Every structure is written in structure tokens, then in C-alpha cells.
Amino acid sequence: MWEIANLRGMKLRRYLTKRLFTGLITIFIVFAINFIIIHLAPGDPIRAIMGKENDDPVLYAALQAKYGLDKPLPAQFFIYLKTAMSGDLGTSIIYNRPVTEMIAEKFGATLMLVLTAAVLSLIIGTLMGIYAARHEGSVIDVIFSGVNYVLNAMPSFWLGLMLIILFATRLHILPSYGMEDIRAGYEGMAHYLDVLKHMVLPVSTLVLIQLPLYFRIAKSSVLQVTNEDYILTFRATGMSEGRIFNKYIFRNAILPTITLFGISMAYLITGVALIEIVFAWPGTGRLVLTAITQRDYPTLMGMYLIMSISVAVTMIVVDVIYAVLDPRIRY
């Protein structure tokens, strides 16, 4: 038993080492591609600082030297890579503040939004898909399928605006913007409840957008596993439907939703900016939008680096969970 446990531990460490290595390679490639695209895009951050009316070549050269934009592109890349590895993501050209500090202030709010929406989408969408699969052709199945098809066709920003109009403008039961009521000055439990109240609309928008993905995957997976030959064999032996579903169908059907969870987390981390702008949520969305419009290279690179790291870590965690749940692919 000790030798088996030791062997499993070695396989686990080897598997984790391999996934970490591929994750680092992925982050480096994404970092390089983003760096090239950002620097080759039209626009000049120095001109944005100076303004259209100021055309002083001396000032222009000085600002270029200050932010390291006077060097060749490969030199800029390796200099930024070296400083980023030490934890320094540079200084924002627009705000003149450390990028690391700016991201640290905003990323927590974004992560809270993303994690809450991702977990709720996984649970609700999977349960709806499983119920619809086990009652295929019923009225509930038709209703669930129709609602999810409609949700799948809705743009996230439009859905968010409709929720604002309904619940904030018409019914006046939920706040339409921000993370908290600054005027109220709540403290303690009242503050947390106020934040939760402000989270309802943006989280609901993200959940409704993600629901169709989990619903379709869960439903199709349950139906596929249910029609497998070994399930028919279990039924022929007289095994109860409850035991067949709990022990065999559910365990195998849930695996694709775990993979989808990692993919949707990657989408939410990178795509939540639009929802944050619609609801004036104090996350990284406004920071990214301003950096794009003003060509703030350090801020953009820092944001994309944090996003790529978050996505890579999420995918590694999902792969490990997948390996634990499915012994056929373990390590």
C-alpha cells in the first residue's frame, strides 16, 4: 500500500510539473503576442499625453525616453519581461501610477464578480440540464430549452441594460450602478449586505449569459451516457434507476461541465469588462477601456499578463480536478 501511494504521489508531482511548464509556456506566448499587437496598433501614447496642439520635439523625445519607447521593439519586450518577472509591471503613462498598484485596487472587485457568476452558472445550468435530460420531452424540458436558446442569442450588454430598466428604473428595487452606496456610509454587516445588493444585477447578467452553455453540455452529456451499452446492462440486471444515475451516469456526465467551467472562467475574466462598464462596477473594466483608448501600453500589458496568468492557473486547477474525478486519465 505504501509503495502504491508513493507511486501515485510521484505521478501526481510529475503531472503537476508538466501542467505548470505548459502553463508558463502559454503565458509567455500570450504575453509576446499581446506585446506585439499592442505596440503595432495605430496610435501614439506620447501624443495622447502631449495633446494635439503641442508639437515640441524635445518634450516628445524626453517622454519617449522616460517610458522606454525610444528603444527598438525587441529591446522593449525583453526589458518589460525582465521587470515583469520581478513583479514590476511598470508605470501607467496616463495615470503616472504603478500598474501593479492600480490592478491590485481593481482586480479584487472583478474577481468577486467573476467567481460568483461562474459558480452560480455551473450549479444552476448543470441542474437544469440534468433535470431536462431526465425528463426529456416534458413541458419543463421544452421551457428550459426555449429559455436557454433565447438567452444564448442575447448580447450581454443589452441584457444588462434591460435588467437595469426593469429592476432599477421601473421597479426601484435594486441599484443600477456601483459597488456600494457611498452616501449611506454603511459599516459591518450592513456594508456587506449593501455590496451583495449591488452585485445582484451584474452577477445575474453574467449568470444568464453563461447558463445556456452549461445547460446544453449537461443535458447532452446525461443523454449520451444514459444511452451507453453498460447502462442498459445495469438496467437489465435490475439495478435501481437512482443508483445507476448517482453512481454511473452523473459521475461521467459531470466531467464535460468541469472542463466548460475552466473555459467559462477564462471567458469571464477576459470578457467581464463590458458588464463592469454597463453597471459602473469598480473593477478592471474601466481601467482596460481607458488604457485602450489612450494607448497606455504598460497598463494594457499588465492587465493582459494578469488575465493570462489567471486563465492558466484556472485551467491547471480544472485539469487536476478532472484527473481526480476520472481515473481513466489520471496523471
# chains A, B, ... in the order shown; residues from 1 in each chain; ligands from 1
>>> residues_around(residues="Leu111 of chain A", least_positions_apart="5", cutoff="12 Å", atoms="only C-alpha atoms", output="ChimeraX atom specification")
/A:103-106,116-118,203,265-266,268-270,272-273,276,281-285,306-307,310-311
>>> select_by_dssp(residues="segment 165-203 of chain A", states="alpha helix (DSSP H)", output="VMD selection string")
chain A and resid 189 to 203
>>> atom_distance(atom1="atom CA of Leu122 of chain A", atom2="atom CA of Pro256 of chain A")
11.3 Å
>>> closest_atom_pairs(of="segment 234-292 of chain A", to="segment 149-170 of chain A", cutoff="8 Å", atoms="only C-alpha atoms", output="Markdown table")
| residue | atom | partner | partner_atom | distance |
| --- | --- | --- | --- | --- |
| A:Leu274 | CA | A:Phe157 | CA | 6.7 |
| A:Ile275 | CA | A:Phe157 | CA | 6.2 |
| A:Val278 | CA | A:Phe157 | CA | 6.6 |
| A:Phe279 | CA | A:Gly160 | CA | 7.8 |
>>> closest_atom_pairs(of="segment 101-195 of chain A", to="segment 216-219 of chain A", cutoff="12 Å", atoms="only C-alpha atoms", output="Markdown table")
| residue | atom | partner | partner_atom | distance |
| --- | --- | --- | --- | --- |
| A:Ser121 | CA | A:Ala218 | CA | 11.9 |
| A:Leu122 | CA | A:Ala218 | CA | 9.8 |
| A:Ile123 | CA | A:Ala218 | CA | 10.6 |
| A:Ile124 | CA | A:Ala218 | CA | 10.7 |
| A:Gly125 | CA | A:Ala218 | CA | 7.7 |
| A:Thr126 | CA | A:Ala218 | CA | 5.4 |
| A:Leu127 | CA | A:Ala218 | CA | 8.0 |
| A:Met128 | CA | A:Lys219 | CA | 8.0 |
| A:Gly129 | CA | A:Lys219 | CA | 4.2 |
| A:Ile130 | CA | A:Lys219 | CA | 5.5 |
| A:Tyr131 | CA | A:Lys219 | CA | 8.0 |
| A:Ala132 | CA | A:Lys219 | CA | 6.5 |
| A:Ala133 | CA | A:Lys219 | CA | 5.0 |
| A:Arg134 | CA | A:Lys219 | CA | 8.5 |
| A:His135 | CA | A:Lys219 | CA | 10.2 |
| A:Glu136 | CA | A:Lys219 | CA | 9.2 |
| A:Asp141 | CA | A:Lys219 | CA | 9.9 |
| A:Phe144 | CA | A:Arg216 | CA | 10.2 |
| A:Ser145 | CA | A:Arg216 | CA | 8.4 |
| A:Gly146 | CA | A:Arg216 | CA | 11.5 |
| A:Val147 | CA | A:Arg216 | CA | 11.8 |
| A:Asn148 | CA | A:Arg216 | CA | 8.5 |
| A:Tyr149 | CA | A:Arg216 | CA | 9.5 |
| A:Asn152 | CA | A:Arg216 | CA | 10.5 |
>>> write_last_selection(atoms="N, CA and C atoms", output="PDB file, in the first residue's frame")
ATOM      1  N   SER A 121     -23.486  29.900 -12.257  1.00  0.00           N
ATOM      2  CA  SER A 121     -23.792  29.383 -13.601  1.00  0.00           C
ATOM      3  C   SER A 121     -23.584  27.880 -13.661  1.00  0.00           C
ATOM      4  N   LEU A 122     -22.486  27.412 -13.081  1.00  0.00           N
ATOM      5  CA  LEU A 122     -22.190  25.975 -13.070  1.00  0.00           C
ATOM      6  C   LEU A 122     -23.290  25.192 -12.364  1.00  0.00           C
ATOM      7  N   ILE A 123     -23.675  25.644 -11.180  1.00  0.00           N
ATOM      8  CA  ILE A 123     -24.662  24.905 -10.387  1.00  0.00           C
ATOM      9  C   ILE A 123     -26.042  24.945 -11.043  1.00  0.00           C
ATOM     10  N   ILE A 124     -26.523  26.140 -11.364  1.00  0.00           N
ATOM     11  CA  ILE A 124     -27.875  26.277 -11.900  1.00  0.00           C
ATOM     12  C   ILE A 124     -27.992  25.646 -13.284  1.00  0.00           C
ATOM     13  N   GLY A 125     -27.032  25.950 -14.170  1.00  0.00           N
ATOM     14  CA  GLY A 125     -27.093  25.413 -15.531  1.00  0.00           C
ATOM     15  C   GLY A 125     -26.996  23.899 -15.567  1.00  0.00           C
ATOM     16  N   THR A 126     -26.122  23.336 -14.727  1.00  0.00           N
ATOM     17  CA  THR A 126     -25.965  21.879 -14.692  1.00  0.00           C
ATOM     18  C   THR A 126     -27.220  21.207 -14.159  1.00  0.00           C
ATOM     19  N   LEU A 127     -27.790  21.753 -13.085  1.00  0.00           N
ATOM     20  CA  LEU A 127     -29.020  21.174 -12.528  1.00  0.00           C
ATOM     21  C   LEU A 127     -30.171  21.242 -13.528  1.00  0.00           C
ATOM     22  N   MET A 128     -30.283  22.362 -14.242  1.00  0.00           N
ATOM     23  CA  MET A 128     -31.336  22.486 -15.253  1.00  0.00           C
ATOM     24  C   MET A 128     -31.131  21.479 -16.383  1.00  0.00           C
ATOM     25  N   GLY A 129     -29.877  21.305 -16.814  1.00  0.00           N
ATOM     26  CA  GLY A 129     -29.588  20.355 -17.885  1.00  0.00           C
ATOM     27  C   GLY A 129     -29.868  18.920 -17.475  1.00  0.00           C
ATOM     28  N   ILE A 130     -29.507  18.564 -16.249  1.00  0.00           N
ATOM     29  CA  ILE A 130     -29.747  17.203 -15.749  1.00  0.00           C
ATOM     30  C   ILE A 130     -31.250  16.931 -15.637  1.00  0.00           C
ATOM     31  N   TYR A 131     -31.986  17.901 -15.097  1.00  0.00           N
ATOM     32  CA  TYR A 131     -33.432  17.712 -14.951  1.00  0.00           C
ATOM     33  C   TYR A 131     -34.098  17.574 -16.315  1.00  0.00           C
ATOM     34  N   ALA A 132     -33.691  18.413 -17.263  1.00  0.00           N
ATOM     35  CA  ALA A 132     -34.281  18.354 -18.601  1.00  0.00           C
ATOM     36  C   ALA A 132     -33.962  17.033 -19.293  1.00  0.00           C
ATOM     37  N   ALA A 133     -32.754  16.510 -19.075  1.00  0.00           N
ATOM     38  CA  ALA A 133     -32.362  15.236 -19.686  1.00  0.00           C
ATOM     39  C   ALA A 133     -33.149  14.070 -19.085  1.00  0.00           C
ATOM     40  N   ARG A 134     -33.362  14.104 -17.784  1.00  0.00           N
ATOM     41  CA  ARG A 134     -34.085  13.018 -17.128  1.00  0.00           C
ATOM     42  C   ARG A 134     -35.593  13.089 -17.400  1.00  0.00           C
ATOM     43  N   HIS A 135     -36.069  14.239 -17.883  1.00  0.00           N
ATOM     44  CA  HIS A 135     -37.483  14.391 -18.239  1.00  0.00           C
ATOM     45  C   HIS A 135     -37.592  14.887 -19.677  1.00  0.00           C
ATOM     46  N   GLU A 136     -36.856  14.235 -20.560  1.00  0.00           N
ATOM     47  CA  GLU A 136     -36.800  14.669 -21.956  1.00  0.00           C
ATOM     48  C   GLU A 136     -38.187  14.633 -22.595  1.00  0.00           C
ATOM     49  N   ASP A 141     -38.846  20.455 -19.844  1.00  0.00           N
ATOM     50  CA  ASP A 141     -37.729  20.366 -20.790  1.00  0.00           C
ATOM     51  C   ASP A 141     -37.888  21.384 -21.917  1.00  0.00           C
ATOM     52  N   PHE A 144     -37.297  24.942 -20.401  1.00  0.00           N
ATOM     53  CA  PHE A 144     -35.869  25.163 -20.136  1.00  0.00           C
ATOM     54  C   PHE A 144     -35.094  25.361 -21.437  1.00  0.00           C
ATOM     55  N   SER A 145     -35.364  24.513 -22.416  1.00  0.00           N
ATOM     56  CA  SER A 145     -34.648  24.609 -23.700  1.00  0.00           C
ATOM     57  C   SER A 145     -34.959  25.922 -24.404  1.00  0.00           C
ATOM     58  N   GLY A 146     -36.231  26.312 -24.418  1.00  0.00           N
ATOM     59  CA  GLY A 146     -36.608  27.566 -25.071  1.00  0.00           C
ATOM     60  C   GLY A 146     -35.985  28.775 -24.409  1.00  0.00           C
ATOM     61  N   VAL A 147     -36.018  28.817 -23.070  1.00  0.00           N
ATOM     62  CA  VAL A 147     -35.432  29.946 -22.342  1.00  0.00           C
ATOM     63  C   VAL A 147     -33.936  30.033 -22.597  1.00  0.00           C
ATOM     64  N   ASN A 148     -33.250  28.907 -22.595  1.00  0.00           N
ATOM     65  CA  ASN A 148     -31.801  28.923 -22.799  1.00  0.00           C
ATOM     66  C   ASN A 148     -31.429  29.292 -24.233  1.00  0.00           C
ATOM     67  N   TYR A 149     -32.237  28.896 -25.203  1.00  0.00           N
ATOM     68  CA  TYR A 149     -31.970  29.309 -26.586  1.00  0.00           C
ATOM     69  C   TYR A 149     -32.120  30.824 -26.731  1.00  0.00           C
ATOM     70  N   ASN A 152     -29.173  32.536 -25.078  1.00  0.00           N
ATOM     71  CA  ASN A 152     -27.943  32.355 -25.843  1.00  0.00           C
ATOM     72  C   ASN A 152     -27.819  33.382 -26.970  1.00  0.00           C
TER      73      ASN A 152
END
>>> closest_residue(among="A:Gly23, A:Met199, A:Thr259, A:Lys82", to="Asp181 of chain A", atoms="only C-alpha atoms")
A:Met199
